[in-house]
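Raw coords.txt, compact mmCIF, C-alpha atoms:
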```
# COMPACT_ATOMS: atom_id res chain seq x y z
CA MET A 49 -11.07 -18.64 7.81
CA ASN A 50 -10.59 -22.22 6.64
CA THR A 51 -7.26 -23.94 7.03
CA ARG A 52 -5.85 -24.43 3.57
CA SER A 53 -3.33 -26.91 2.24
CA THR A 54 -0.76 -25.60 -0.16
CA LEU A 55 1.80 -27.07 -2.50
CA ARG A 56 5.48 -26.18 -2.71
CA PHE A 57 4.68 -23.71 -5.44
CA ALA A 58 1.62 -22.07 -3.99
CA ALA A 59 2.21 -18.43 -4.13
CA GLY A 60 -1.41 -19.14 -3.86
CA VAL A 61 -1.25 -19.86 -0.23
CA ALA A 62 -2.36 -16.53 0.77
CA ALA A 63 -2.22 -13.93 -1.57
CA THR A 64 -3.90 -11.05 -0.09
CA GLY A 65 -3.66 -9.06 3.07
CA LEU A 66 -6.69 -11.09 4.10
CA ALA A 67 -4.52 -14.15 4.58
CA ILE A 68 -1.05 -14.96 5.89
CA GLY A 69 0.34 -11.57 4.99
CA ALA A 70 -2.22 -9.91 7.25
CA LEU A 71 -0.49 -11.43 10.26
CA ALA A 72 2.99 -10.31 9.37
CA GLY A 73 3.16 -6.56 9.79
CA CYS A 74 3.49 -3.69 7.38
CA ALA A 75 5.84 -2.99 4.49
CA ALA A 76 8.44 -0.30 4.58
CA GLY A 77 7.80 2.98 2.82
CA GLY A 78 9.87 4.36 -0.02
CA GLY A 79 12.77 6.70 0.06
CA GLY A 80 16.34 6.79 -1.13
CA THR A 81 18.93 9.02 -2.62
CA GLY A 82 18.41 11.12 -5.71
CA ASP A 83 21.62 10.10 -7.41
CA ASP A 84 23.96 7.16 -7.76
CA GLY A 85 26.30 8.33 -5.02
CA ASN A 86 28.45 10.31 -7.43
CA GLY A 87 26.05 13.18 -7.97
CA ASP A 88 24.82 11.83 -11.30
CA GLU A 89 21.20 11.76 -12.41
CA VAL A 90 19.56 8.33 -12.28
CA THR A 91 16.86 6.98 -14.61
CA ILE A 92 14.84 3.90 -13.66
CA THR A 93 12.92 2.10 -16.42
CA TRP A 94 9.72 0.43 -15.23
CA TRP A 95 7.63 -1.89 -17.42
CA HIS A 96 4.15 -3.16 -16.55
CA ASN A 97 0.98 -4.48 -18.24
CA GLY A 98 -1.51 -1.93 -16.91
CA THR A 99 -2.47 -0.52 -20.31
CA GLY A 100 -6.03 0.35 -19.28
CA GLU A 101 -7.36 2.94 -16.89
CA PRO A 102 -7.28 3.55 -14.00
CA LEU A 103 -4.15 1.42 -13.59
CA LYS A 104 -2.05 3.12 -16.26
CA SER A 105 -2.52 6.54 -14.69
CA PHE A 106 -2.14 5.10 -11.20
CA TRP A 107 1.34 3.73 -11.86
CA GLU A 108 2.32 7.01 -13.53
CA GLU A 109 1.14 8.84 -10.41
CA VAL A 110 3.17 6.52 -8.16
CA ALA A 111 6.24 7.12 -10.32
CA ALA A 112 5.75 10.90 -10.08
CA GLU A 113 5.42 10.69 -6.30
CA PHE A 114 8.67 8.79 -6.05
CA GLU A 115 10.42 11.31 -8.29
CA ALA A 116 9.18 14.17 -6.11
CA ASP A 117 10.58 12.50 -2.99
CA ASN A 118 13.86 11.59 -4.66
CA PRO A 119 15.38 14.57 -6.52
CA GLY A 120 17.68 13.48 -9.31
CA VAL A 121 15.76 10.27 -10.00
CA THR A 122 13.64 9.94 -13.13
CA VAL A 123 11.23 7.02 -13.47
CA ASP A 124 10.45 6.08 -17.07
CA VAL A 125 7.27 4.04 -16.65
CA GLN A 126 5.82 2.27 -19.67
CA ALA A 127 2.74 0.08 -20.16
CA PHE A 128 2.53 -2.81 -22.63
CA GLN A 129 -0.15 -5.32 -23.54
CA ASN A 130 0.29 -8.43 -21.40
CA GLU A 131 0.95 -10.98 -24.14
CA GLU A 132 3.53 -8.74 -25.83
CA LEU A 133 5.21 -7.93 -22.53
CA GLN A 134 5.40 -11.45 -21.17
CA ARG A 135 6.11 -13.44 -24.32
CA THR A 136 8.25 -11.05 -26.35
CA LEU A 137 9.43 -7.77 -24.84
CA ILE A 138 10.79 -8.91 -21.49
CA PRO A 139 12.52 -12.10 -22.74
CA ASN A 140 14.14 -10.23 -25.63
CA ALA A 141 15.21 -7.30 -23.45
CA LEU A 142 16.72 -9.54 -20.79
CA GLN A 143 18.59 -11.54 -23.38
CA ALA A 144 19.96 -8.34 -24.93
CA GLY A 145 20.95 -7.04 -21.49
CA GLY A 146 22.58 -3.74 -20.69
CA ASP A 147 20.57 -0.63 -21.44
CA ALA A 148 18.00 -2.71 -23.34
CA ALA A 149 16.78 -4.39 -20.14
CA PRO A 150 14.23 -2.63 -17.93
CA ASP A 151 15.21 -2.01 -14.31
CA LEU A 152 11.86 -2.86 -12.74
CA PHE A 153 9.46 -5.18 -14.53
CA MET A 154 6.84 -7.85 -14.08
CA VAL A 155 7.98 -11.39 -13.32
CA TRP A 156 5.87 -14.52 -13.28
CA ALA A 157 6.12 -17.22 -10.63
CA GLU A 158 7.63 -20.67 -10.42
CA GLY A 159 9.29 -22.07 -13.54
CA GLU A 160 9.46 -18.76 -15.38
CA ILE A 161 11.21 -16.84 -12.62
CA LYS A 162 13.47 -19.82 -11.95
CA SER A 163 14.60 -19.70 -15.59
CA GLN A 164 15.34 -15.98 -15.28
CA VAL A 165 17.30 -16.53 -12.08
CA GLU A 166 19.33 -19.34 -13.63
CA ALA A 167 20.15 -17.06 -16.57
CA GLY A 168 21.46 -14.43 -14.15
CA TYR A 169 18.92 -11.75 -15.04
CA LEU A 170 17.47 -10.93 -11.62
CA LYS A 171 18.67 -9.15 -8.49
CA ASP A 172 18.24 -10.94 -5.16
CA LEU A 173 15.58 -9.03 -3.21
CA SER A 174 15.97 -10.93 0.06
CA GLY A 175 17.24 -7.80 1.79
CA LEU A 176 13.77 -6.21 1.56
CA THR A 177 12.80 -8.00 4.76
CA ASP A 178 9.96 -5.70 5.82
CA VAL A 179 8.24 -6.08 2.45
CA ILE A 180 8.79 -9.84 2.36
CA ASP A 181 7.39 -10.23 5.88
CA SER A 182 4.34 -8.18 4.94
CA ILE A 183 3.39 -10.22 1.87
CA GLY A 184 3.74 -13.46 3.81
CA GLY A 185 2.96 -16.64 1.89
CA ALA A 186 2.00 -14.69 -1.21
CA GLY A 187 5.68 -14.46 -2.10
CA THR A 188 6.36 -18.20 -2.13
CA GLY A 189 6.12 -18.64 -5.89
CA TRP A 190 8.86 -16.06 -6.45
CA ASN A 191 11.33 -17.64 -4.03
CA VAL A 192 14.12 -19.61 -5.70
CA ASP A 193 16.49 -21.71 -3.60
CA GLY A 194 15.64 -19.76 -0.48
CA LYS A 195 16.13 -16.32 -2.01
CA GLN A 196 13.41 -13.85 -2.94
CA TYR A 197 13.54 -12.61 -6.55
CA GLY A 198 10.03 -11.22 -6.98
CA ILE A 199 7.63 -9.15 -4.86
CA PRO A 200 3.98 -9.87 -5.76
CA PHE A 201 1.66 -6.89 -5.83
CA ARG A 202 -1.61 -8.62 -6.82
CA PHE A 203 -2.93 -12.10 -6.22
CA GLY A 204 -6.17 -14.01 -6.51
CA ILE A 205 -7.78 -17.17 -7.80
CA GLU A 206 -9.20 -17.79 -11.23
CA GLY A 207 -12.95 -18.11 -11.62
CA ILE A 208 -15.90 -17.87 -13.98
CA TRP A 209 -16.81 -14.32 -14.98
CA TYR A 210 -20.46 -14.32 -16.06
CA ASN A 211 -23.30 -12.13 -17.23
CA ALA A 212 -25.84 -12.09 -14.40
CA ASP A 213 -28.53 -10.63 -16.70
CA LEU A 214 -28.15 -13.46 -19.20
CA PHE A 215 -28.22 -15.98 -16.36
CA GLU A 216 -31.50 -14.50 -15.12
CA GLN A 217 -33.00 -14.46 -18.60
CA ALA A 218 -32.07 -18.13 -19.03
CA GLY A 219 -33.74 -19.04 -15.74
CA ILE A 220 -30.53 -19.75 -13.82
CA THR A 221 -31.36 -18.72 -10.28
CA GLU A 222 -28.27 -20.02 -8.44
CA THR A 223 -24.65 -20.23 -9.48
CA PRO A 224 -23.57 -23.85 -10.05
CA THR A 225 -21.24 -25.49 -7.53
CA THR A 226 -20.72 -28.82 -9.36
CA PHE A 227 -20.03 -29.62 -13.00
CA THR A 228 -23.41 -31.35 -13.23
CA GLU A 229 -25.09 -28.09 -12.27
CA PHE A 230 -22.69 -26.23 -14.56
CA SER A 231 -23.75 -28.34 -17.53
CA GLU A 232 -27.40 -27.67 -16.72
CA ALA A 233 -26.70 -23.94 -16.75
CA ILE A 234 -24.86 -24.24 -20.08
CA ASN A 235 -27.85 -25.97 -21.65
CA LYS A 236 -30.21 -23.30 -20.35
CA LEU A 237 -28.06 -20.57 -21.85
CA ALA A 238 -27.87 -22.41 -25.19
CA ASP A 239 -31.66 -22.85 -25.20
CA ALA A 240 -31.95 -19.10 -24.63
CA GLY A 241 -29.85 -18.48 -27.75
CA VAL A 242 -26.61 -17.48 -26.01
CA ALA A 243 -23.15 -18.94 -26.62
CA PRO A 244 -22.46 -20.15 -23.06
CA ILE A 245 -18.66 -19.86 -22.74
CA GLY A 246 -16.10 -17.75 -24.57
CA VAL A 247 -12.51 -18.95 -24.82
CA GLY A 248 -9.53 -17.28 -26.49
CA ALA A 249 -7.96 -20.49 -27.78
CA GLY A 250 -6.08 -18.51 -30.42
CA ASP A 251 -3.65 -17.55 -27.66
CA GLY A 252 -3.42 -21.11 -26.35
CA TRP A 253 -3.29 -20.59 -22.60
CA PRO A 254 -6.94 -19.53 -22.04
CA ALA A 255 -8.11 -22.89 -23.42
CA ALA A 256 -5.36 -24.73 -21.58
CA HIS A 257 -6.66 -23.36 -18.29
CA TRP A 258 -9.72 -25.57 -18.68
CA TRP A 259 -7.46 -28.64 -18.59
CA TYR A 260 -5.58 -27.11 -15.66
CA GLN A 261 -8.85 -26.87 -13.74
CA PHE A 262 -9.67 -30.49 -14.49
CA ALA A 263 -6.15 -31.52 -13.47
CA ILE A 264 -6.20 -29.83 -10.06
CA LYS A 265 -9.67 -31.22 -9.40
CA THR A 266 -8.83 -34.73 -10.66
CA CYS A 267 -5.32 -35.21 -9.28
CA SER A 268 -4.59 -35.56 -5.58
CA GLU A 269 -2.46 -32.99 -3.84
CA ASP A 270 0.37 -35.54 -3.56
CA ALA A 271 0.26 -36.23 -7.31
CA LEU A 272 0.39 -32.53 -8.10
CA LYS A 273 3.29 -31.98 -5.71
CA GLU A 274 5.30 -34.89 -7.10
CA ALA A 275 4.80 -33.63 -10.66
CA ALA A 276 5.93 -30.14 -9.67
CA ASP A 277 8.97 -31.43 -7.80
CA THR A 278 10.15 -33.95 -10.40
CA LEU A 279 8.71 -32.55 -13.66
CA THR A 280 7.47 -36.03 -14.51
CA PHE A 281 3.84 -36.47 -15.44
CA ASP A 282 3.29 -40.22 -15.29
CA ASP A 283 0.52 -40.28 -12.71
CA PRO A 284 -2.65 -41.65 -14.38
CA CYS A 285 -4.58 -38.65 -13.08
CA PHE A 286 -3.12 -36.47 -15.83
CA VAL A 287 -4.65 -38.70 -18.49
CA GLU A 288 -7.85 -38.88 -16.45
CA ALA A 289 -8.00 -35.08 -16.34
CA GLY A 290 -8.07 -34.98 -20.15
CA GLU A 291 -10.65 -37.76 -20.24
CA ASN A 292 -12.88 -35.85 -17.82
CA LEU A 293 -12.49 -32.65 -19.83
CA LYS A 294 -13.38 -34.34 -23.11
CA ALA A 295 -16.29 -36.22 -21.54
CA TRP A 296 -17.68 -32.93 -20.29
CA MET A 297 -17.28 -31.23 -23.67
CA ASP A 298 -18.83 -34.23 -25.44
CA GLU A 299 -22.00 -33.87 -23.39
CA PHE A 300 -23.00 -31.01 -25.65
CA GLU A 301 -23.93 -30.76 -29.31
CA GLY A 302 -22.23 -28.71 -32.01
CA ASP A 303 -19.79 -26.06 -30.85
CA LEU A 304 -21.01 -26.08 -27.26
CA PRO A 305 -20.05 -25.33 -24.59
CA PHE A 306 -17.84 -22.74 -26.33
CA GLN A 307 -18.40 -20.13 -29.01
CA GLN A 308 -17.78 -20.81 -32.69
CA ASN A 309 -14.20 -20.74 -34.00
CA PRO A 310 -12.44 -20.69 -30.61
CA THR A 311 -8.98 -21.27 -32.11
CA SER A 312 -9.38 -18.09 -34.17
CA THR A 313 -10.31 -16.05 -31.11
CA PRO A 314 -7.62 -14.14 -29.17
CA ALA A 315 -7.91 -13.67 -25.45
CA GLN A 316 -7.94 -9.94 -24.78
CA SER A 317 -7.53 -6.34 -25.92
CA VAL A 318 -9.60 -6.33 -29.13
CA PRO A 319 -13.38 -6.49 -29.77
CA ASN A 320 -13.24 -9.93 -31.42
CA SER A 321 -11.37 -11.43 -28.46
CA SER A 322 -13.02 -13.68 -25.91
CA ALA A 323 -13.04 -10.74 -23.51
CA GLY A 324 -14.69 -8.67 -26.22
CA LEU A 325 -17.36 -11.32 -26.78
CA LEU A 326 -18.23 -11.26 -23.09
CA ALA A 327 -18.20 -7.45 -23.12
CA ALA A 328 -20.61 -7.40 -26.08
CA GLN A 329 -22.85 -9.94 -24.29
CA SER A 330 -22.35 -12.39 -27.16
CA THR A 331 -21.18 -14.99 -24.65
CA ALA A 332 -22.34 -15.52 -21.09
CA MET A 333 -19.20 -16.77 -19.32
CA GLU A 334 -15.43 -16.88 -19.42
CA LEU A 335 -12.80 -18.62 -17.30
CA MET A 336 -10.17 -16.04 -16.41
CA GLY A 337 -8.12 -14.46 -13.64
CA THR A 338 -8.75 -11.47 -11.44
CA TRP A 339 -7.57 -8.95 -14.01
CA HIS A 340 -10.39 -9.80 -16.40
CA ARG A 341 -12.94 -7.33 -15.16
CA GLY A 342 -10.77 -4.46 -16.37
CA GLU A 343 -10.25 -6.15 -19.73
CA VAL A 344 -13.98 -6.60 -20.19
CA ALA A 345 -14.80 -3.07 -19.01
CA LYS A 346 -12.69 -1.37 -21.67
CA LEU A 347 -14.22 -3.51 -24.45
CA VAL A 348 -17.89 -2.85 -23.64
CA PRO A 349 -19.39 -1.19 -26.74
CA GLY A 350 -19.64 2.55 -26.15
CA ALA A 351 -17.47 2.44 -23.01
CA PRO A 352 -15.56 5.67 -22.29
CA ALA A 353 -11.90 5.56 -23.22
CA ASP A 354 -10.76 6.75 -19.81
CA ASN A 355 -11.41 4.64 -16.73
CA PRO A 356 -14.44 2.69 -18.02
CA PRO A 357 -16.58 1.19 -15.25
CA ALA A 358 -17.21 -2.54 -15.18
CA PRO A 359 -20.70 -3.35 -16.45
CA GLU A 360 -23.24 -3.91 -13.69
CA TRP A 361 -24.13 -7.32 -15.07
CA LEU A 362 -20.56 -8.69 -14.75
CA ALA A 363 -20.36 -11.16 -11.86
CA TRP A 364 -17.93 -13.84 -10.66
CA MET A 365 -18.14 -17.35 -9.23
CA PRO A 366 -15.60 -20.04 -8.30
CA VAL A 367 -15.02 -22.88 -10.76
CA PRO A 368 -17.41 -25.72 -9.86
CA ASP A 369 -16.14 -29.00 -8.43
CA ILE A 370 -16.12 -32.32 -10.27
CA GLU A 371 -18.19 -34.84 -8.36
CA GLY A 372 -16.24 -37.91 -7.28
CA ALA A 373 -12.84 -36.61 -8.39
CA ALA A 374 -9.79 -37.21 -6.20
CA GLY A 375 -8.75 -33.57 -6.05
CA ALA A 376 -9.29 -31.45 -2.98
CA PRO A 377 -12.83 -30.01 -2.81
CA GLY A 378 -12.69 -26.35 -3.67
CA ALA A 379 -9.22 -26.63 -5.20
CA ALA A 380 -8.48 -23.42 -7.07
CA LEU A 381 -6.03 -22.22 -9.65
CA GLY A 382 -4.43 -18.88 -9.06
CA SER A 383 -1.39 -16.72 -8.89
CA GLY A 384 -0.52 -13.11 -9.25
CA ASP A 385 1.86 -10.61 -10.69
CA ALA A 386 5.12 -9.55 -9.11
CA TRP A 387 7.89 -7.05 -9.59
CA GLY A 388 11.43 -8.17 -10.33
CA VAL A 389 14.59 -6.06 -10.56
CA TYR A 390 17.23 -6.44 -13.26
CA VAL A 391 20.56 -7.60 -11.90
CA ASP A 392 22.37 -4.42 -13.00
CA ALA A 393 19.59 -1.98 -12.10
CA PRO A 394 20.60 1.09 -10.06
CA ASP A 395 20.19 0.78 -6.30
CA GLU A 396 17.40 3.38 -6.38
CA THR A 397 15.24 0.71 -8.07
CA LEU A 398 15.02 -1.10 -4.72
CA ASP A 399 13.82 2.13 -3.09
CA LEU A 400 11.14 2.45 -5.76
CA LEU A 401 10.07 -1.16 -5.21
CA GLU A 402 9.80 -0.55 -1.48
CA TYR A 403 7.62 2.48 -2.14
CA ILE A 404 5.37 0.58 -4.57
CA SER A 405 5.04 -2.12 -1.90
CA SER A 406 4.10 0.28 0.89
CA VAL A 407 0.75 -0.01 2.63
CA ASP A 408 -0.30 3.40 1.32
CA VAL A 409 0.39 2.59 -2.35
CA GLN A 410 -1.03 -0.92 -2.10
CA THR A 411 -4.20 0.36 -0.40
CA ARG A 412 -4.70 2.86 -3.21
CA PHE A 413 -3.92 0.06 -5.68
CA ALA A 414 -6.79 -1.91 -4.14
CA GLU A 415 -9.07 1.07 -4.60
CA THR A 416 -8.43 0.91 -8.36
CA GLY A 417 -10.12 -2.49 -8.42
CA GLU A 418 -7.29 -4.88 -7.60
CA ILE A 419 -6.53 -7.43 -4.88
CA PRO A 420 -3.31 -6.42 -3.06
CA THR A 421 -0.77 -8.55 -1.24
CA VAL A 422 0.64 -6.27 1.47
CA ALA A 423 -0.79 -6.65 4.96
CA GLY A 424 -3.20 -3.85 5.79
CA ALA A 425 -3.89 -2.91 2.18
CA GLU A 426 -6.99 -5.09 2.06
CA ALA A 427 -8.80 -2.10 3.58
CA GLY A 428 -8.79 -0.61 0.10
CA ILE A 429 -11.00 -3.37 -1.32
CA THR A 430 -14.49 -1.92 -1.50
CA ASP A 431 -15.94 -3.68 -4.53
CA PRO A 432 -18.19 -6.65 -3.61
CA VAL A 433 -16.92 -8.80 -6.48
CA LEU A 434 -13.28 -8.28 -5.51
CA LYS A 435 -14.12 -9.03 -1.90
CA GLN A 436 -15.72 -12.25 -3.10
CA ILE A 437 -12.58 -13.23 -5.01
CA ALA A 438 -10.36 -12.32 -2.06
CA GLU A 439 -12.49 -14.41 0.27
CA GLY A 440 -12.49 -17.26 -2.24
CA THR A 441 -8.71 -17.13 -2.32
CA VAL A 442 -8.45 -17.29 1.46
CA ASN A 443 -11.03 -20.06 1.82
CA ALA A 444 -9.81 -22.36 -0.96
CA GLU A 445 -8.52 -25.61 0.52
CA LEU A 446 -5.77 -25.76 -2.09
CA VAL A 447 -4.47 -23.02 -4.40
CA VAL A 448 -2.24 -24.13 -7.27
CA THR A 449 -0.14 -21.78 -9.38
CA TRP A 450 -0.87 -21.61 -13.13
CA LEU A 451 0.58 -24.86 -14.45
CA ASP A 452 2.41 -23.39 -17.45
CA THR A 453 4.06 -20.86 -15.16
CA GLN A 454 4.84 -23.53 -12.59
CA TYR A 455 6.43 -26.03 -14.96
CA GLY A 456 8.37 -23.41 -16.92
CA PRO A 457 8.11 -22.05 -20.46
CA VAL A 458 9.36 -25.15 -22.34
CA ILE A 459 6.97 -27.61 -20.71
CA GLY A 460 4.27 -24.94 -20.53
CA LYS A 461 4.20 -24.33 -24.28
CA ALA A 462 4.19 -28.03 -25.13
CA MET A 463 1.41 -28.62 -22.61
CA ASN A 464 -0.74 -25.74 -23.83
CA ASP A 465 -0.37 -26.74 -27.48
CA ALA A 466 -1.34 -30.32 -26.68
CA ILE A 467 -4.36 -29.20 -24.66
CA VAL A 468 -5.68 -26.99 -27.48
CA ASN A 469 -5.29 -29.96 -29.85
CA LEU A 470 -7.14 -32.17 -27.38
CA MET A 471 -10.01 -29.73 -27.02
CA PHE A 472 -10.36 -28.51 -30.60
CA GLY A 473 -8.26 -30.83 -32.76
CA ASN A 474 -7.47 -34.53 -32.95
CA GLY A 475 -5.44 -34.90 -29.78
CA SER A 476 -6.04 -37.57 -27.16
CA PRO A 477 -5.98 -37.34 -23.34
CA GLU A 478 -2.72 -39.31 -23.37
CA ASP A 479 -1.07 -36.76 -25.66
CA VAL A 480 -1.01 -34.01 -23.02
CA PRO A 481 1.18 -35.66 -20.35
CA GLN A 482 3.24 -37.26 -23.13
CA ALA A 483 3.99 -33.82 -24.59
CA MET A 484 4.89 -32.58 -21.09
CA ASN A 485 7.26 -35.50 -20.46
CA ASP A 486 8.84 -35.08 -23.89
CA ALA A 487 9.42 -31.38 -23.24
CA ALA A 488 10.83 -32.09 -19.77
CA ALA A 489 13.32 -34.50 -21.32
CA THR A 490 14.84 -31.63 -23.33
CA LEU A 491 15.66 -29.56 -20.25
```
Would you mind writing the file out in structure tokens?
Amino acid sequence: MNTRSTLRFAAGVAATGLAIGALAGCAAGGGGTGDDGNGDEVTITWWHNGTGEPLKSFWEEVAAEFEADNPGVTVDVQAFQNEELQRTLIPNALQAGGDAAPDLFMVWAEGEIKSQVEAGYLKDLSGLTDVIDSIGGAGTGWNVDGKQYGIPFRFGIEGIWYNADLFEQAGITETPTTFTEFSEAINKLADAGVAPIGVGAGDGWPAAHWWYQFAIKTCSEDALKEAADTLTFDDPCFVEAGENLKAWMDEFEGDLPFQQNPTSTPAQSVPNSSAGLLAAQSTAMELMGTWHRGEVAKLVPGAPADNPPAPEWLAWMPVPDIEGAAGAPGAALGSGDAWGVYVDAPDETLDLLEYISSVDVQTRFAETGEIPTVAGAEAGITDPVLKQIAEGTVNAELVVTWLDTQYGPVIGKAMNDAIVNLMFGNGSPEDVPQAMNDAAATL
């Protein structure tokens, strides 16, 4: 295992049981009373983004198990599409408060969870010491001012999902490790009549992740850390990242390296999304996180509605390095998903969270095709692609949390909008850090 450097915000330090968490022991199992102490029935509302199978049924099964072990407790578990959940449902429900807010729900790291903590929405989870010890460094991004407010349940680095059959047909015999080799592969795919890369720029963030990749590979670790600590983006490397991104895009003719009409393309869930284009083999590659295999699987034409298998041609590789850039070689972008608890949730919610974070549940979670965080649960990873991602996460010299998550929603939106304009509009490389600084000045 390589020794990795990590930033202040790197939930990415270790995210799986294969890394720091593997050295820290095992999480506590579930349990708890079946009422609120007064003999009353208790209902726990639980929101997540696992709309596809097998994850939707898996979480329902976990909820039923907890109910069976805790008479008097009902778990109302509901699945929502990720964009709707993250951008609309959870913020609105937390702002409304009271019965409108879910008890257990997904929370995102760094700036976003910090905003929720500052607003008084989240319960301090620092008392779950066994769970926190077991996830190790994976929990760093959900720690605010020394207190733990989120328990991550999946973690991994972003990479390039690609169609191995289309690569072979285009004469690409080895996955590229540098952007020079990457450009050569893109040209081979274009010559073979395939749109090389799909991007859901209609949702903003999938396009912005290309700039993120150039930023973490162009900026030094010190520059990235200073920006995260101070929320100032004056280092010249942030302009250089945009220059490098545009220079790479300008190497190609026409719409390349992306598909036509990227700003009209959503990211996920529907056939005309970037995930759907990859699933239909209309594009050959897409930059996306660990969850993407499930998104692609359910959009493959003719795929069964229940628990569709990932297509055999779907493969994964790390994002190539930029030759000569100041960033750490092998620097990766990544994060995960975590559970948070509403500040006024019943105490039984903590028991449910402990059960969800147990080695048994997390091992079975891994068997559904996910990368877990709890020590010991890595034994459930059997899929070669997921093992590759888990190993890539462990071996990355630097893992940086998604930048929009890290800098918070206000800066994140301004940054993402400016990046989309840089890539597909009339924006300049200077506009991106300027938009970030302007947004930071409003905080």
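Among A:Ala249, A:Ala240, A:Tyr390, A:Val348, the residue with the shortest atom-to-atom distance to Ala141 (chain A), counting only C-alpha atoms, is A:Tyr390.
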Within 12 Å of region 313-317 of chain A, which residues of region 341-430 of chain A show up? Give each one with its shortest atom-to-atom distance in Å (one decimal) and the two atoms involved, counting all atoms listed in the file, rows by chain then rising residue number, as JSON lines.
```
{"residue": "A:Arg341", "atom": "CA", "partner": "A:Gln316", "partner_atom": "CA", "distance": 11.2}
{"residue": "A:Gly342", "atom": "CA", "partner": "A:Ser317", "partner_atom": "CA", "distance": 10.3}
{"residue": "A:Glu343", "atom": "CA", "partner": "A:Gln316", "partner_atom": "CA", "distance": 6.7}
{"residue": "A:Val344", "atom": "CA", "partner": "A:Gln316", "partner_atom": "CA", "distance": 8.3}
{"residue": "A:Ala345", "atom": "CA", "partner": "A:Ser317", "partner_atom": "CA", "distance": 10.5}
{"residue": "A:Lys346", "atom": "CA", "partner": "A:Ser317", "partner_atom": "CA", "distance": 8.3}
{"residue": "A:Leu347", "atom": "CA", "partner": "A:Ser317", "partner_atom": "CA", "distance": 7.4}
{"residue": "A:Val348", "atom": "CA", "partner": "A:Ser317", "partner_atom": "CA", "distance": 11.2}
```
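Residue nearest Glu166 (chain A), chosen from A:Ile220, A:Ala438, A:Val407, A:Val391 and counting all atoms listed in the file: A:Val391.
Residues lying within 6 Å of Ile208 (chain A), counting all atoms listed in the file and ignoring same-chain neighbours fewer than 4 positions away, are Glu334, Leu335, Trp364 and Met365 of chain A.
Minimum atom-to-atom distances from A:Val121, A:Thr421, A:Gly302, A:Glu478 to Gly185 (chain A) were compared using all atoms listed in the file, and the lowest value belongs to A:Thr421.
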Can you tell me, as a PyMOL selection string, what residues are no more than 9 Å from region 112-114 of chain A when counting only C-alpha atoms, ignoring any on the same chain fewer than 4 positions away? chain A and resi 78-79+107-108+118-119+121-123+399-400+403-404
Residue contacts of region 447-463 of chain A (9 Å, all atoms listed in the file) excluding same-chain residues fewer than 5 positions away, as a ChimeraX atom specification: /A:52-55,57-62,156-163,189,205,252-253,256-257,260,264,272,275-276,279,378-384,441,468,480-488,490-491
Nearby residues (all atoms listed in the file) at most 12 Å from Trp296 (chain A), same-chain spacing under 5 positions excluded, as a PyMOL selection string: chain A and resi 227-232+234+258-259+262+289-291+301+304-306+370+471
Give me a file of those residues, with C-alpha atoms, as a PDB file, in the coordinates of the input.
```pdb
ATOM      1  CA  PHE A 227     -20.030 -29.620 -13.000  1.00  0.00           C
ATOM      2  CA  THR A 228     -23.410 -31.350 -13.230  1.00  0.00           C
ATOM      3  CA  GLU A 229     -25.090 -28.090 -12.270  1.00  0.00           C
ATOM      4  CA  PHE A 230     -22.690 -26.230 -14.560  1.00  0.00           C
ATOM      5  CA  SER A 231     -23.750 -28.340 -17.530  1.00  0.00           C
ATOM      6  CA  GLU A 232     -27.400 -27.670 -16.720  1.00  0.00           C
ATOM      7  CA  ILE A 234     -24.860 -24.240 -20.080  1.00  0.00           C
ATOM      8  CA  TRP A 258      -9.720 -25.570 -18.680  1.00  0.00           C
ATOM      9  CA  TRP A 259      -7.460 -28.640 -18.590  1.00  0.00           C
ATOM     10  CA  PHE A 262      -9.670 -30.490 -14.490  1.00  0.00           C
ATOM     11  CA  ALA A 289      -8.000 -35.080 -16.340  1.00  0.00           C
ATOM     12  CA  GLY A 290      -8.070 -34.980 -20.150  1.00  0.00           C
ATOM     13  CA  GLU A 291     -10.650 -37.760 -20.240  1.00  0.00           C
ATOM     14  CA  GLU A 301     -23.930 -30.760 -29.310  1.00  0.00           C
ATOM     15  CA  LEU A 304     -21.010 -26.080 -27.260  1.00  0.00           C
ATOM     16  CA  PRO A 305     -20.050 -25.330 -24.590  1.00  0.00           C
ATOM     17  CA  PHE A 306     -17.840 -22.740 -26.330  1.00  0.00           C
ATOM     18  CA  ILE A 370     -16.120 -32.320 -10.270  1.00  0.00           C
ATOM     19  CA  MET A 471     -10.010 -29.730 -27.020  1.00  0.00           C
TER      20      MET A 471
END
```
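Those residues that approach Ser405 (chain A) to within 10 Å, counting only C-alpha atoms, are Cys74, Ala75, Ala76, Gly77, Gly78, Asp178, Val179, Ile180, Ser182, Ile183, Ile199, Pro200, Phe201, Trp387, Asp399, Leu400, Leu401, Val409, Gln410, Thr411, Phe413, Pro420, Thr421, Val422 and Ala425 of chain A; same-chain residues fewer than 4 positions away are not listed.
Taking CA of Gly241 (chain A) and CA of Asn211 (chain A) as the two end points, the separation is 13.9 Å.
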